[in-house]
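K.L.:
Hey, dropping run23.txt in here, compact mmCIF, C-alpha atoms:
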# COMPACT_ATOMS: atom_id res chain seq x y z
CA MET A 283 41.65 -22.32 12.71
CA GLN A 284 42.84 -25.95 12.71
CA LEU A 285 44.01 -25.61 16.31
CA PHE A 286 40.75 -23.90 17.33
CA ILE A 287 38.63 -26.72 15.88
CA TYR A 288 40.85 -29.30 17.55
CA CYS A 289 40.70 -27.59 20.95
CA LEU A 290 36.92 -27.34 20.65
CA THR A 291 36.44 -30.98 19.62
CA TYR A 292 39.03 -32.92 21.62
CA PRO A 293 37.38 -32.55 25.07
CA ILE A 294 34.11 -33.82 23.57
CA LEU A 295 35.81 -36.87 22.06
CA LEU A 296 37.61 -37.60 25.32
CA GLY A 297 34.36 -37.32 27.25
CA ILE A 298 32.60 -39.70 24.85
CA SER A 299 35.46 -42.19 25.16
CA LYS A 300 34.99 -42.38 28.93
CA LEU A 301 31.26 -43.07 28.88
CA PRO A 302 30.20 -46.44 30.35
CA TRP A 303 29.53 -48.90 27.53
CA ARG A 304 25.75 -48.95 27.98
CA ILE A 305 25.51 -45.15 27.84
CA PHE A 306 28.11 -45.06 25.05
CA TYR A 307 25.95 -47.21 22.76
CA ALA A 308 22.80 -45.30 23.72
CA PHE A 309 24.67 -42.21 22.53
CA SER A 310 25.59 -44.08 19.33
CA THR A 311 21.91 -44.84 18.71
CA CYS A 312 21.07 -41.15 19.08
CA THR A 313 23.91 -40.32 16.70
CA TYR A 314 22.47 -42.78 14.18
CA ILE A 315 19.08 -41.06 14.30
CA LEU A 316 20.75 -37.69 13.72
CA VAL A 317 23.04 -38.89 10.93
CA TYR A 318 20.50 -41.06 9.10
CA TYR A 319 17.23 -39.14 9.41
CA ILE A 320 18.28 -35.50 9.82
CA ILE A 321 21.75 -34.95 8.34
CA ARG A 322 21.19 -37.80 5.84
CA TYR A 323 24.96 -38.16 5.51
CA ARG A 324 25.82 -39.59 2.06
CA ARG A 325 22.51 -41.45 1.86
CA LYS A 326 22.44 -41.03 -1.91
CA THR A 327 25.93 -42.54 -2.28
CA VAL A 328 25.09 -45.45 0.01
CA THR A 329 21.85 -46.19 -1.81
CA GLU A 330 23.52 -46.03 -5.24
CA ASN A 331 26.30 -48.38 -4.12
CA LEU A 332 23.86 -50.92 -2.67
CA VAL A 333 21.59 -50.87 -5.73
CA LEU A 334 24.64 -51.22 -8.00
CA VAL A 335 26.09 -54.34 -6.35
CA PHE A 336 22.79 -55.91 -5.29
CA PRO A 337 20.53 -55.44 -8.34
CA GLU A 338 18.53 -58.51 -7.33
CA LYS A 339 17.41 -57.02 -4.01
CA SER A 340 14.11 -55.21 -3.57
CA LYS A 341 13.77 -51.60 -2.45
CA GLU A 342 12.74 -52.80 1.00
CA GLU A 343 15.80 -55.06 1.30
CA ILE A 344 18.10 -52.23 0.26
CA GLN A 345 16.52 -49.94 2.83
CA LYS A 346 16.93 -52.55 5.58
CA ILE A 347 20.63 -53.00 4.77
CA ARG A 348 21.10 -49.24 4.59
CA LYS A 349 19.64 -48.65 8.03
CA ALA A 350 21.66 -51.48 9.58
CA PHE A 351 24.80 -50.08 7.95
CA TYR A 352 24.32 -46.59 9.39
CA LYS A 353 23.79 -48.06 12.88
CA HIS A 354 27.02 -50.02 12.54
CA MET A 355 28.91 -47.06 11.06
CA CYS A 356 28.01 -44.86 14.03
CA ASP A 357 29.10 -47.62 16.42
CA MET A 358 32.38 -48.12 14.60
CA PHE A 359 33.45 -44.50 14.35
CA LEU A 360 32.46 -43.76 17.93
CA GLU A 361 34.41 -46.86 18.99
CA MET A 362 37.44 -45.12 17.53
CA THR A 363 37.09 -42.51 20.30
CA LYS A 364 37.21 -45.34 22.84
CA SER A 365 40.81 -45.84 21.76
CA LEU A 366 41.59 -42.74 23.84
CA SER A 367 40.84 -44.54 27.08
CA ILE A 368 40.21 -48.26 26.55
CA SER A 369 42.47 -50.61 28.52
CA ARG A 370 44.68 -53.32 27.01
CA GLU A 371 42.59 -56.04 28.63
CA GLU A 372 39.33 -54.60 27.36
CA LEU A 373 40.62 -54.22 23.81
CA ILE A 374 41.93 -57.81 23.70
CA LYS A 375 38.54 -59.04 24.95
CA ARG A 376 36.53 -56.99 22.48
CA TYR A 377 38.78 -57.51 19.42
CA LYS A 378 39.52 -61.21 19.81
CA VAL A 379 41.85 -63.15 17.49
CA VAL A 380 40.20 -66.57 17.27
CA ASN A 381 43.10 -68.41 15.57
CA LEU A 382 45.97 -66.79 17.47
CA GLU A 383 48.13 -69.93 17.57
CA GLU A 384 47.91 -70.26 13.79
CA PHE A 385 48.93 -66.62 13.45
CA HIS A 386 51.89 -67.25 15.77
CA GLU A 387 53.01 -70.11 13.51
CA PHE A 388 53.18 -67.70 10.58
CA GLU A 389 55.13 -65.23 12.71
CA LYS A 390 57.67 -67.91 13.67
CA GLN A 391 58.69 -68.37 10.02
CA ASN A 392 60.93 -65.29 10.39
CA LYS A 393 59.25 -63.62 7.42
CA SER A 394 57.28 -60.41 7.50
CA ILE A 395 53.53 -60.58 7.00
CA ILE A 396 51.16 -58.35 5.08
CA ALA A 397 47.62 -58.66 6.40
CA LEU A 398 45.24 -57.34 3.76
CA MET A 399 42.09 -55.80 5.19
CA GLY A 400 38.88 -54.28 3.87
CA HIS A 401 36.65 -51.47 5.07
CA TYR A 402 34.62 -54.13 6.81
CA GLY A 403 33.64 -54.76 10.42
CA SER A 404 36.03 -52.71 12.52
CA PHE A 405 39.36 -51.61 11.14
CA GLU A 406 39.88 -48.93 13.80
CA TRP A 407 40.65 -51.45 16.59
CA SER A 408 43.05 -53.56 14.54
CA ASN A 409 45.96 -52.13 16.52
CA GLY A 410 44.77 -54.47 19.28
CA ILE A 411 46.46 -57.33 17.41
CA ASP A 412 49.81 -55.85 18.44
CA LEU A 413 48.90 -56.72 22.04
CA VAL A 414 48.85 -60.46 21.32
CA SER A 415 51.37 -60.84 18.49
CA ILE A 416 54.95 -62.09 18.73
CA ASN A 417 56.44 -59.66 16.21
CA PRO A 418 55.66 -55.93 16.05
CA CYS A 419 52.52 -54.98 14.13
CA VAL A 420 52.51 -51.91 11.93
CA GLY A 421 49.42 -50.00 10.85
CA ILE A 422 49.18 -48.12 7.56
CA TYR A 423 47.11 -44.96 7.85
CA LYS A 424 46.09 -42.04 5.66
CA GLN A 425 47.11 -38.66 6.95
CA ILE A 426 44.38 -36.20 7.96
CA LYS A 427 44.58 -32.66 6.57
CA ASN A 428 44.14 -31.09 9.99
CA LYS A 429 47.58 -31.70 11.50
CA TYR A 430 46.25 -31.69 15.07
CA PHE A 431 43.64 -34.34 14.36
CA ASP A 432 46.28 -36.28 12.42
CA ARG A 433 48.45 -36.33 15.53
CA LEU A 434 45.43 -37.40 17.58
CA ALA A 435 44.60 -40.25 15.18
CA HIS A 436 48.24 -41.28 15.24
CA ARG A 437 48.22 -41.26 19.04
CA MET A 438 44.99 -43.27 19.28
CA ARG A 439 46.03 -45.90 16.77
CA GLY A 440 49.51 -46.13 18.23
CA ARG A 441 48.45 -45.87 21.86
CA PHE A 442 49.80 -49.29 22.85
CA ASN A 443 53.17 -48.61 21.22
CA SER A 444 51.96 -49.84 17.84
CA ARG A 445 54.01 -48.44 14.99
CA LEU A 446 52.27 -46.47 12.25
CA ILE A 447 53.33 -45.57 8.71
CA ALA A 448 51.64 -42.91 6.60
CA SER A 449 50.27 -44.45 3.39
CA HIS A 450 52.42 -42.30 1.11
CA LYS A 451 55.57 -43.60 2.83
CA VAL A 452 54.62 -47.26 3.12
CA ALA A 453 56.57 -48.76 0.21
CA ARG A 454 59.79 -46.99 1.13
CA GLN A 455 59.50 -47.91 4.82
CA ILE A 456 58.65 -51.60 4.31
CA ILE A 457 61.52 -51.98 1.86
CA LYS A 458 63.80 -50.32 4.42
CA ASP A 459 62.61 -52.73 7.12
CA LYS A 460 63.37 -55.64 4.80
CA GLN A 461 66.88 -54.37 4.14
CA GLU A 462 67.50 -53.93 7.87
CA GLY A 463 66.20 -57.41 8.70
CA THR A 464 63.20 -56.11 10.68
CA VAL A 465 60.35 -58.65 10.77
CA CYS A 466 56.86 -57.16 11.22
CA ALA A 467 53.20 -57.72 10.42
CA TYR A 468 51.79 -54.89 8.31
CA GLY A 469 48.05 -54.20 8.24
CA MET A 470 46.96 -52.76 4.92
CA ILE A 471 43.46 -51.76 3.77
CA SER A 472 43.40 -52.63 0.07
CA ASP A 473 39.88 -51.95 -1.22
CA GLN A 474 40.48 -48.26 -1.91
CA SER A 475 39.84 -46.84 -5.36
CA PRO A 476 43.17 -45.80 -6.95
CA LYS A 477 43.66 -42.52 -8.75
CA ILE A 478 42.69 -42.96 -12.39
CA TYR A 479 46.24 -42.24 -13.59
CA ASN A 480 47.39 -45.18 -11.41
CA ALA A 481 44.62 -47.50 -12.62
CA LYS A 482 46.85 -50.18 -14.14
CA TYR A 483 44.62 -53.18 -13.40
CA TRP A 484 40.84 -53.54 -13.72
CA THR A 485 38.77 -56.49 -12.58
CA ASP A 486 35.38 -57.32 -11.07
CA PHE A 487 34.64 -56.31 -7.50
CA MET A 488 31.13 -57.21 -6.39
CA GLY A 489 30.27 -57.80 -10.04
CA VAL A 490 31.40 -54.39 -11.27
CA LYS A 491 34.53 -53.73 -13.35
CA VAL A 492 36.70 -51.23 -11.48
CA PRO A 493 40.39 -50.33 -11.07
CA ILE A 494 42.13 -52.14 -8.23
CA PHE A 495 44.72 -50.88 -5.78
CA LEU A 496 47.83 -53.05 -6.23
CA GLY A 497 50.11 -51.78 -3.46
CA GLY A 498 49.70 -54.87 -1.27
CA GLU A 499 50.37 -57.31 -4.09
CA PHE A 500 53.33 -55.30 -5.40
CA LEU A 501 55.04 -55.26 -2.00
CA ALA A 502 54.20 -58.91 -1.29
CA GLN A 503 55.76 -60.16 -4.51
CA ARG A 504 58.76 -57.86 -4.38
CA LEU A 505 59.64 -58.68 -0.77
CA ASP A 506 58.39 -62.30 -0.61
CA VAL A 507 56.33 -61.86 2.53
CA ILE A 508 53.52 -64.02 3.85
CA VAL A 509 50.12 -62.64 2.84
CA LEU A 510 47.07 -63.15 5.03
CA TYR A 511 43.52 -61.86 4.91
CA LEU A 512 42.29 -60.23 8.09
CA GLN A 513 38.69 -61.39 8.40
CA VAL A 514 36.76 -59.33 10.94
CA GLU A 515 33.32 -60.46 12.08
CA LYS A 516 31.05 -58.36 14.28
CA VAL A 517 29.64 -60.63 16.97
CA LYS A 518 27.60 -57.95 18.71
CA ARG A 519 27.92 -54.29 19.59
CA GLY A 520 31.49 -53.61 20.66
CA HIS A 521 32.67 -57.19 20.13
CA TYR A 522 34.56 -58.50 17.10
CA GLU A 523 36.17 -61.80 16.20
CA VAL A 524 39.26 -61.70 14.01
CA LYS A 525 40.62 -64.57 11.96
CA PHE A 526 43.74 -64.68 9.80
CA ILE A 527 43.12 -66.55 6.53
CA PRO A 528 46.15 -67.53 4.40
CA ILE A 529 46.36 -66.02 0.94
CA SER A 530 49.94 -67.01 0.12
CA GLU A 531 53.00 -68.17 2.04
CA ASN A 532 55.09 -67.93 -1.12
CA SER A 533 53.90 -64.69 -2.68
CA LYS A 534 57.09 -64.14 -4.69
CA ASN A 535 56.30 -67.14 -6.89
CA GLU A 536 52.56 -66.62 -7.30
CA GLU A 537 51.08 -65.69 -10.65
CA LYS A 538 50.56 -61.99 -11.21
CA PHE A 539 47.33 -60.71 -9.61
CA TYR A 540 46.79 -64.00 -7.72
CA VAL A 541 47.16 -62.29 -4.34
CA ILE A 542 44.83 -59.39 -5.05
CA LYS A 543 42.15 -61.55 -6.68
CA LYS A 544 42.06 -63.99 -3.77
CA TYR A 545 41.84 -61.06 -1.39
CA LEU A 546 38.91 -59.59 -3.32
CA ARG A 547 37.03 -62.90 -3.32
CA LEU A 548 37.44 -63.27 0.45
CA LEU A 549 36.22 -59.74 1.04
CA GLU A 550 33.30 -60.21 -1.35
CA ASN A 551 32.20 -63.32 0.54
CA GLN A 552 31.97 -61.32 3.74
CA ILE A 553 30.12 -58.46 2.08
CA ARG A 554 27.55 -60.75 0.47
CA GLU A 555 26.94 -62.61 3.72
CA LYS A 556 26.53 -59.52 5.93
CA PRO A 557 26.53 -56.38 3.77
CA GLU A 558 25.62 -54.04 6.61
CA TYR A 559 29.18 -54.17 7.96
CA TYR A 560 30.88 -52.80 4.84
CA LEU A 561 31.68 -49.09 4.53
CA TRP A 562 29.19 -48.09 1.83
CA THR A 563 29.78 -44.34 2.22
CA HIS A 564 33.06 -44.36 0.34
CA LYS A 565 32.88 -44.16 -3.45
CA ARG A 566 34.53 -47.48 -4.26
CA TRP A 567 32.85 -47.76 -7.66
CA LYS A 568 33.26 -44.16 -8.80
CA HIS A 569 35.34 -45.15 -11.86
CA LYS A 570 32.94 -47.82 -13.14
CA ASP A 571 31.88 -45.67 -16.11
CA THR A 572 35.32 -44.19 -16.73
CA ALA A 573 37.12 -45.06 -19.96
CA ILE A 574 39.83 -47.61 -19.17
CA PRO A 575 43.25 -46.02 -19.77
CA GLU A 576 45.29 -47.29 -22.68
CA GLY A 577 47.73 -49.98 -21.59
CA ALA A 578 45.75 -50.99 -18.50
CA ILE A 579 45.20 -54.71 -17.89
CA VAL A 580 41.56 -55.80 -17.83
CA ASP A 581 40.79 -59.15 -16.23
I'd like the structure from this file rewritten - as C-alpha cells, please.
P.N.:
Amino acid sequence: MQLFIYCLTYPILLGISKLPWRIFYAFSTCTYILVYYIIRYRRKTVTENLVLVFPEKSKEEIQKIRKAFYKHMCDMFLEMTKSLSISREELIKRYKVVNLEEFHEFEKQNKSIIALMGHYGSFEWSNGIDLVSINPCVGIYKQIKNKYFDRLAHRMRGRFNSRLIASHKVARQIIKDKQEGTVCAYGMISDQSPKIYNAKYWTDFMGVKVPIFLGGEFLAQRLDVIVLYLQVEKVKRGHYEVKFIPISENSKNEEKFYVIKKYLRLLENQIREKPEYYLWTHKRWKHKDTAIPEGAIVD
C-alpha cells in the first residue's frame, strides 16, 4: 500500500515542481482555497493557538492572521516540491543569506556550528545554505512513516549533496563527528514539543508555560560548538532572506538554559512581528494544562 500511494503521488509532485513560477503560485492560491475553506485543515487548532498567544487581539485580527498563515503554509509546502527540480542558482537567489561573510567568519574558527531554527518562514529550503557555506551543512530531519516518501524527502533535502541525519540519531552522529574531527554546521529545529516523559524544563514561550526541547542546548554545551539563530524572513512569495544571529560562541561556559532561552526570545520576536509566517498547525502548546512532572525545572 505504501508503494502504491507513493507511485500514485510522485508523478503529481514532480509535475507541480516543474510548473513555471507564476502558474505554480496560482496553483498554490487554489490549494489555499481548498485547504482553508473546504477541507478546513486544522482550523480549530490554528484558531486556538492564535487566541492563546494573542489574547489582546480581536476576532477580526485573529481571522486576518489565520488566513495569511494558510496562504503562506500552502506556498511553503508546495515550495518543498520545487526542491525536486530547482537549480542551484535559483535556490541561492530565492533563499539568500544576507550576512554570508559574517557566517564565513564563524566557520573559519574551526569549530562546528549548531544553527537553531524555528517552524518559521521557510525551513524546507534551508539546505540551500550548503551551496554557499565553507564547511558542510547537515540537516536534521524527522523520518516519515511511509518509507518511500521518507526516501523522497531525504532525496529532496539532500539533493545538492547536503548531508542529513534522522532526528533519533542526531546526538550519536554529532558526537561521532566531534570525535573524528569533522567540522560541520548543523541545522536544528528546536521549537518542537517534547514527549511529556522527557519534559525536564518548563518556561514561557509566547507567554505560555510549556516544556522545552533541550537537544540543541545539550549538544552545544557538551561539545562546545558555536550556536547561531537562523532568522528567516519572507520577502515575498518564493523569496526569503536568511540571517545568522549569534547566540553563543562559547556555549560550554554559558549558564544552564542560556542558549535555549535566548533562542526562544529571538523566535518570539519574529512571531510577534509577523505571526502569519509561523507554523500554527502544530500543537506546540498541547502540554500547557498538563501537570508538571516531579523533578522538572520550572523557570
K.L.:
Measuring between only C-alpha atoms, which one of A:Phe359, A:Pro575, A:Lys556, A:Gly410 shows the shortest distance to A:Val517?
P.N.:
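Smallest separation from A:Val517 among the options: A:Lys556.
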K.L.:
In Å, rounded to a single decimal, give me how far atom CA of A:Glu537 is from atom CA of A:Ile508.
P.N.:
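Answer for the atom CA of A:Ile508 to atom CA of A:Glu537 separation: 14.8 Å.
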K.L.:
Might you pull out every residue within 12 Å of A:Gly497, with all atoms listed in the file counted and same-chain residues fewer than 5 positions away left off, and present them as a ChimeraX atom specification?
P.N.:
/A:396,398,422,449-454,456,470-476,480-483,502-504,539,541-542
K.L.:
Given 8 Å on each side, where is the centre and what are the edge lengths in Å to one decimal of the axis-aligned box enclosing the listed atoms of stretch 461-477 of chain A, as AutoDock Vina command-line options?
P.N.:
--center_x 53.7 --center_y -50.6 --center_z 1.2 --size_x 43.7 --size_y 32.1 --size_z 36.0
K.L.:
Report, in Å to a single decimal, how far apart atom CA of A:Lys477 and atom CA of A:His564 are.
P.N.:
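Value for the atom CA of A:His564-atom CA of A:Lys477 distance: 14.1 Å.
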K.L.:
Here is a test: counting all atoms listed in the file, which residue of A:Thr464, A:Gln455, A:Ser369, A:Ser394 is nearest to A:Leu505?
P.N.:
A:Ser394
K.L.:
Work out how far atom CA of A:Glu499 is from atom CA of A:Arg445, in Å to one decimal.
P.N.:
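Value for the atom CA of A:Arg445-atom CA of A:Glu499 distance: 21.4 Å.
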K.L.:
Add whatever atoms are absent from stretch 290-305 of chain A to reach N, CA and C atoms, and provide the output as a PDB file, keeping the file's coordinate frame.
P.N.:
ATOM      1  N   LEU A 290      38.358 -27.302  20.400  1.00  0.00           N
ATOM      2  CA  LEU A 290      36.920 -27.340  20.650  1.00  0.00           C
ATOM      3  C   LEU A 290      36.397 -28.781  20.672  1.00  0.00           C
ATOM      4  N   THR A 291      36.961 -29.628  19.827  1.00  0.00           N
ATOM      5  CA  THR A 291      36.440 -30.980  19.620  1.00  0.00           C
ATOM      6  C   THR A 291      37.051 -32.013  20.560  1.00  0.00           C
ATOM      7  N   TYR A 292      38.328 -31.880  20.858  1.00  0.00           N
ATOM      8  CA  TYR A 292      39.030 -32.920  21.620  1.00  0.00           C
ATOM      9  C   TYR A 292      38.370 -33.227  22.970  1.00  0.00           C
ATOM     10  N   PRO A 293      38.011 -32.222  23.786  1.00  0.00           N
ATOM     11  CA  PRO A 293      37.380 -32.550  25.070  1.00  0.00           C
ATOM     12  C   PRO A 293      36.085 -33.347  24.908  1.00  0.00           C
ATOM     13  N   ILE A 294      35.349 -33.080  23.831  1.00  0.00           N
ATOM     14  CA  ILE A 294      34.110 -33.820  23.570  1.00  0.00           C
ATOM     15  C   ILE A 294      34.424 -35.279  23.266  1.00  0.00           C
ATOM     16  N   LEU A 295      35.418 -35.501  22.411  1.00  0.00           N
ATOM     17  CA  LEU A 295      35.810 -36.870  22.060  1.00  0.00           C
ATOM     18  C   LEU A 295      36.301 -37.628  23.289  1.00  0.00           C
ATOM     19  N   LEU A 296      37.104 -36.965  24.106  1.00  0.00           N
ATOM     20  CA  LEU A 296      37.610 -37.600  25.320  1.00  0.00           C
ATOM     21  C   LEU A 296      36.472 -37.956  26.269  1.00  0.00           C
ATOM     22  N   GLY A 297      35.508 -37.043  26.388  1.00  0.00           N
ATOM     23  CA  GLY A 297      34.360 -37.320  27.250  1.00  0.00           C
ATOM     24  C   GLY A 297      33.545 -38.498  26.750  1.00  0.00           C
ATOM     25  N   ILE A 298      33.330 -38.573  25.435  1.00  0.00           N
ATOM     26  CA  ILE A 298      32.600 -39.700  24.850  1.00  0.00           C
ATOM     27  C   ILE A 298      33.343 -41.006  25.118  1.00  0.00           C
ATOM     28  N   SER A 299      34.661 -40.970  25.003  1.00  0.00           N
ATOM     29  CA  SER A 299      35.460 -42.190  25.160  1.00  0.00           C
ATOM     30  C   SER A 299      35.344 -42.777  26.570  1.00  0.00           C
ATOM     31  N   LYS A 300      35.033 -41.921  27.544  1.00  0.00           N
ATOM     32  CA  LYS A 300      34.990 -42.380  28.930  1.00  0.00           C
ATOM     33  C   LYS A 300      33.590 -42.750  29.408  1.00  0.00           C
ATOM     34  N   LEU A 301      32.620 -42.662  28.518  1.00  0.00           N
ATOM     35  CA  LEU A 301      31.260 -43.070  28.880  1.00  0.00           C
ATOM     36  C   LEU A 301      31.208 -44.562  29.169  1.00  0.00           C
ATOM     37  N   PRO A 302      30.421 -45.001  30.154  1.00  0.00           N
ATOM     38  CA  PRO A 302      30.200 -46.440  30.350  1.00  0.00           C
ATOM     39  C   PRO A 302      29.601 -47.040  29.075  1.00  0.00           C
ATOM     40  N   TRP A 303      29.898 -48.294  28.820  1.00  0.00           N
ATOM     41  CA  TRP A 303      29.530 -48.900  27.530  1.00  0.00           C
ATOM     42  C   TRP A 303      28.034 -48.780  27.239  1.00  0.00           C
ATOM     43  N   ARG A 304      27.206 -49.008  28.216  1.00  0.00           N
ATOM     44  CA  ARG A 304      25.750 -48.950  27.980  1.00  0.00           C
ATOM     45  C   ARG A 304      25.328 -47.548  27.521  1.00  0.00           C
ATOM     46  N   ILE A 305      25.838 -46.525  28.208  1.00  0.00           N
ATOM     47  CA  ILE A 305      25.510 -45.150  27.840  1.00  0.00           C
ATOM     48  C   ILE A 305      26.173 -44.793  26.508  1.00  0.00           C
TER      49      ILE A 305
END
